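Below is one structure; the comments refer to it alone.
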Amino acid sequence: MTTCVEQTRRTLNFSAGPAVLPEPVLEQARADLWNIDETGIGVLEHSHRGPSIDRVFEEAEAACRRVGDVPDDWSVLFLQGGASMQFAMLAMNFLKAGRTADYLHTGAWTNRAIADAKAVGDVHVAWDGSGDTFAHLPAAADIQWSADPVYAAYCSNNTIYGTRFDTPPDAPAPLIADMSSEMYSRPIDWSKHAMVYAGAQKNLGPSGMALVLIRPDLLEQVNAALPAMLRYDVHADKGSRYNTPPVFGVYICGLMFQWIESMGGTAAMSERNDAKAAKIYDAIDSSGGFWRGHADTACRSVMNIPFVSPSPEQDAAFLQAATDNGMSGLKGHRSVGGLRASLYNAFPEAGCDALAQLMRDVAAKG
């Protein structure tokens, strides 16, 4: 990967997604859009069966496995449709007649996942956090699993409400995690999971595709009656190229995996992300109540921090002040309101310093 030798002034992008990408990745992509591997053809123009794209896929998968410490026997799939497509694919592949799938309902994305699964078969909601606007996550004693679930699904980090599972829940069935907004931001406990998936547009690359990592025993349980494009085992057998794949998305993911690796891997990323988030939470907690976070303290997300001022008018004024100071993407989701700072892997620590200082300045003025 090339290094960025001349940085232009860039806006601090706090967007929840599509999100900030590292400048070295953007620099390499700019070069390879014009001419990859000295072929005289850009990465967007090559055949997905040609040697340059063979290399892209091989290196992306290898880097994905290295940086995530993915078990050797797990399948690595690059699929179209983003995480939302996985809501349906998951149930279609594994929720068979006469069985029940269990879900932990922790926000907007689990709501969609549950709805799609219900269109396929029987679903049991083992915990529902809607009563307090998803401000906290369940303790083990709060979860009521069904008698014999075919799988248990949860979302490890909630982009909208700013909650995160500190550790995976203990489940009586293969555990499936939607990690879209925190993928490779910290190490993954593979021993607790049977499948992990993530939309790419938070920590991995551009929108429109998903990374799916799946354990071999679960892959063997795929519903063989599905059309080929919906079967995980077909995509695994074809190396994610059963049809023309999202080549550019895979290419950027490969660069992102290499960049995370160059930064010290997921353990180093976790330390860096904890430090970044601590700056914003400190600005909230030390504001004397001017700023209020949405999530309970014990469940706070490191990636996404929703917060509000005393009034919508002051929220709007803060957004304008942030814009004037070179910051973007801080408007909160409509279901929560207020403001939200998303601090994905590529977001710079200096940007957290700048936001925290602006928050303190505004709070001091009341």
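In the structure tokens, chains take letters A, B, ... by order of appearance, with residues numbered from 1 within each chain and ligands from 1 in the order shown.
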
From a DSSP calculation on the backbone, collect every residue of stretch 154-291 of chain A in strand (DSSP E) and output the set as a ChimeraX atom specification.
-> /A:154-155,157-158,163-164,175-178,195-199,209-214

Who sits within 10 Å of A:Asp178, only C-alpha atoms, same chain under 2 positions skipped, as a list of chain:residue names = A:Ala83, A:Ser84, A:Gln86, A:Phe87, A:Trp109, A:Thr110, A:Ala113, A:Ala153, A:Tyr154, A:Cys155, A:Ser156, A:Asn157, A:Asn158, A:Ile176, A:Ser180, A:Ser181, A:Glu182, A:Met183, A:Met195, A:Val196, A:Tyr197, A:Ala198, A:Gly199, A:Val212

File dump, residues just selected, N, CA and C atoms, as a short mmCIF file (atom, residue, chain, number, x, y, z; two decimals), in the first residue's frame:
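And here's part.cif as it stands now:
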data_model
loop_
_atom_site.label_atom_id
_atom_site.label_comp_id
_atom_site.auth_asym_id
_atom_site.auth_seq_id
_atom_site.Cartn_x
_atom_site.Cartn_y
_atom_site.Cartn_z
N ALA A 83 -25.49 -5.81 5.15
CA ALA A 83 -25.96 -6.61 6.28
C ALA A 83 -27.46 -6.88 6.20
N SER A 84 -28.22 -5.97 5.63
CA SER A 84 -29.66 -6.16 5.55
C SER A 84 -30.04 -7.41 4.76
N GLN A 86 -28.40 -10.06 4.86
CA GLN A 86 -28.12 -11.19 5.76
C GLN A 86 -29.27 -11.47 6.71
N PHE A 87 -30.09 -10.46 6.99
CA PHE A 87 -31.25 -10.70 7.85
C PHE A 87 -32.12 -11.82 7.26
N TRP A 109 -31.94 -2.39 14.02
CA TRP A 109 -31.47 -3.41 13.09
C TRP A 109 -31.93 -4.80 13.50
N THR A 110 -32.03 -5.07 14.80
CA THR A 110 -32.60 -6.35 15.21
C THR A 110 -34.09 -6.39 14.90
N ALA A 113 -34.17 -7.51 11.41
CA ALA A 113 -33.75 -8.91 11.32
C ALA A 113 -34.86 -9.84 11.80
N ALA A 153 -29.49 -15.15 17.64
CA ALA A 153 -28.93 -14.01 16.91
C ALA A 153 -28.96 -12.75 17.77
N TYR A 154 -27.90 -11.96 17.63
CA TYR A 154 -27.84 -10.69 18.34
C TYR A 154 -27.01 -9.71 17.53
N CYS A 155 -27.13 -8.43 17.86
CA CYS A 155 -26.32 -7.37 17.25
C CYS A 155 -25.34 -6.88 18.31
N SER A 156 -24.05 -7.02 18.04
CA SER A 156 -23.05 -6.77 19.08
C SER A 156 -22.88 -5.29 19.43
N ASN A 157 -23.18 -4.41 18.48
CA ASN A 157 -23.04 -2.97 18.70
C ASN A 157 -24.18 -2.26 17.99
N ASN A 158 -24.88 -1.39 18.72
CA ASN A 158 -26.04 -0.73 18.13
C ASN A 158 -25.68 0.67 17.67
N ILE A 176 -25.11 -16.27 16.39
CA ILE A 176 -24.90 -15.49 15.17
C ILE A 176 -24.83 -14.01 15.56
N SER A 180 -21.92 -5.26 12.27
CA SER A 180 -21.73 -4.27 11.21
C SER A 180 -20.99 -3.02 11.66
N SER A 181 -21.36 -2.49 12.82
CA SER A 181 -20.78 -1.20 13.20
C SER A 181 -19.58 -1.31 14.12
N GLU A 182 -19.05 -2.53 14.29
CA GLU A 182 -17.82 -2.64 15.09
C GLU A 182 -16.87 -3.71 14.56
N MET A 183 -17.10 -4.19 13.35
CA MET A 183 -16.29 -5.29 12.83
C MET A 183 -14.81 -4.93 12.83
N MET A 195 -21.29 -17.86 13.49
CA MET A 195 -21.29 -17.02 12.29
C MET A 195 -21.26 -15.56 12.72
N VAL A 196 -20.53 -14.77 11.97
CA VAL A 196 -20.45 -13.33 12.17
C VAL A 196 -20.63 -12.66 10.82
N TYR A 197 -21.40 -11.59 10.77
CA TYR A 197 -21.51 -10.85 9.52
C TYR A 197 -21.48 -9.35 9.79
N ALA A 198 -21.13 -8.59 8.76
CA ALA A 198 -21.03 -7.14 8.91
C ALA A 198 -21.19 -6.46 7.57
N GLY A 199 -22.03 -5.43 7.52
CA GLY A 199 -22.03 -4.54 6.37
C GLY A 199 -20.69 -3.83 6.31
N VAL A 212 -19.08 -12.07 5.54
CA VAL A 212 -19.71 -13.14 6.32
C VAL A 212 -18.63 -14.17 6.66
#

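One finds atom CA of A:Val123 at 17.8 Å from atom CA of A:Met85.
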
Enumerate, in order of chain and increasing residue number, the residues of stretch 1-68 of chain A with an atom no farther than 12 Å from stretch 301-304 of chain A, each with its shortest atom pair and distance in Å to one decimal, counting only C-alpha atoms, as JSON lines.
{"residue": "A:Phe14", "atom": "CA", "partner": "A:Asn304", "partner_atom": "CA", "distance": 9.2}
{"residue": "A:Ser15", "atom": "CA", "partner": "A:Asn304", "partner_atom": "CA", "distance": 9.5}
{"residue": "A:Ala16", "atom": "CA", "partner": "A:Asn304", "partner_atom": "CA", "distance": 7.4}
{"residue": "A:Gly17", "atom": "CA", "partner": "A:Asn304", "partner_atom": "CA", "distance": 10.7}
{"residue": "A:Ala19", "atom": "CA", "partner": "A:Met303", "partner_atom": "CA", "distance": 11.4}

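Among A:Trp74, A:Met269, A:Met179, A:Ala317, the residue with the shortest atom-to-atom distance to A:Pro348, counting only C-alpha atoms, is A:Met269.
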
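Atom pair atom CA of A:Val308 / atom CA of A:Arg292: separated by 5.4 Å.
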
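When only C-alpha atoms are used to compute distances to A:Gly107, the closest of the residues A:Asp54, A:Asp122, A:Asp132, A:Asp69 turns out to be A:Asp132.
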